[in-house]
Every structure is written in structure tokens, then in C-alpha cells.
Amino acid sequence: MLAKIFRFSIFLLIAMCWLFSQVTYAATSSQKKLIALTFDDGPSIPYTEQVLALLEAHHAKATFFVMGGNVKLHPEILKKVFAAGNVIGNHTYTHPLITKISDSALEKELTKTNEIIFKTIHVYPVLFRPPYGMSSSRTNEVLKKLGLKKITWDYMVDDYDYKKTTSEIIARSVLQHARPGAIITMHDGGTNRAKTVAALATIIPTLQQQGYELVTVADLLHISPYQNKN
Ligand SMILES: [Zn+2]
């Protein structure tokens, strides 16, 4: 019996260590019908505010992984997104392939972005989305050092080729990949996102009719989205 308790304690200790040192977070298998929509590459004009208007109209929340360079251009938009109760995450300053830049360059990309977000909305993000979804054990170490948590996804909308896709294709693909606990990645910047916005007008109410609640990544994964910064 004692041996059993001892083994269980060791197991618990290892599990706790793993949990607290975790850098990468992906979708979960939520019991509840929760989905986290995430938007990368903004803020941008006019798409971010259009996405925001749709979320607000349906009382939905989302997570925006913003680029520091775009926050500098559009601080007022970031303020609106944040004030509406959405969560803000870091998506680097200039969108590099982080596996191809040095540790110090990566650190600069991340801290510069968090600093401008802090300057704009007075919170210091914890959540980080790597550009192109690319990372390595080396880049994970940099994230760990800075107290950032990498958020991946289980479905990213193929919306890079603006000419090829349609709002119907985007809407259908998101709805096909909807499941409790899913993290879905879309884009509100980088290029013309009119089709994404049009698709969202279908996606949000359809998911809600199916009984889903649209929540932030922080709520889905039970992570505090901001660091205490003095
Ligand atoms: Zn991106």
C-alpha cells in the first residue's frame, strides 16, 4: 500500500513538473462545447474592426495574435479589441520564421512586441503564436525564458491565396473542423481579408446554433493570458 502511494506521489510530482514547465499548448478535448477562434497578423484596416463588430454582435470572444509592427500602426484598433474582452497574444514584431533567426533576434522580436502591447493596453501578453506555426526546442527555450506560452491550433483556415478561396469555402472548412475544445486559426491581417470577414458572418451564428460557446484561448486552456509586470 505504502509503495503504491509512493509511486503515485512520484507520478503526481512528474505530472506537476510537466504541467508547470509546459511551453506548448494545443487544442484540448473539452467536455463542454467550447471553441476558440484565433486571428493572426493584425491589427489591420478595415478587417480587424469588422471581425470585432461580428464578435460583439454575437457576444462572442476570440484571441488576437498581433504583430508588434501593426500595433504601432494601429494602436487605437488594439485598444478596441482589448476593451471588448478579447485576449491579445504576441505574434512577433515583423513575422519572421523564428527557427531561422538567432536567439537574441527572437528575444528582440518578442519583447519589442510585448512592450508595444503593454504601452498600448497596459497588459503584458503570455500567449504566443509562432509565425507559420514553425518552432523548435531552441525557440521553445527562448519562450520559456521570457515566460511565454506557445499556442498552436488544430485547424488553420487555408486563406492565404486570396484569389482561390471563397467565403463559402472558408465557412465550410471551419464548420467541418468544429469540435469541442478546438482552436481555429484565421487571419485578420496580412492581405485582403474580406472573404474571412464574410465567412465569419456565417461561422459565428452557425457554431452558436450548434450549441458552441466561442471563448478565448485563455479561457479554453485555463491559462492566465497576461504577466504581472511591475
Ligand atoms: Zn502570421
# chains A, B, ... in the order shown; residues from 1 in each chain; ligands from 1
>>> residues_near_ligand(ligand="ligand 1", cutoff="6 Å", atoms="only C-alpha atoms and all ligand atoms", output="list in words")
Asp40, Asp41, Pro131 and Tyr132 of chain A
>>> residues_around(residues="range 199-213 of chain A", least_positions_apart="6", cutoff="10 Å", atoms="only C-alpha atoms", output="MDAnalysis selection string")
chainID A and resid 32:37 50:51 54:55 57:61 166:175 178:181 186 193
>>> atom_distance(atom1="CA of Glu107 in chain A", atom2="CA of Asn86 in chain A")
25.1 Å
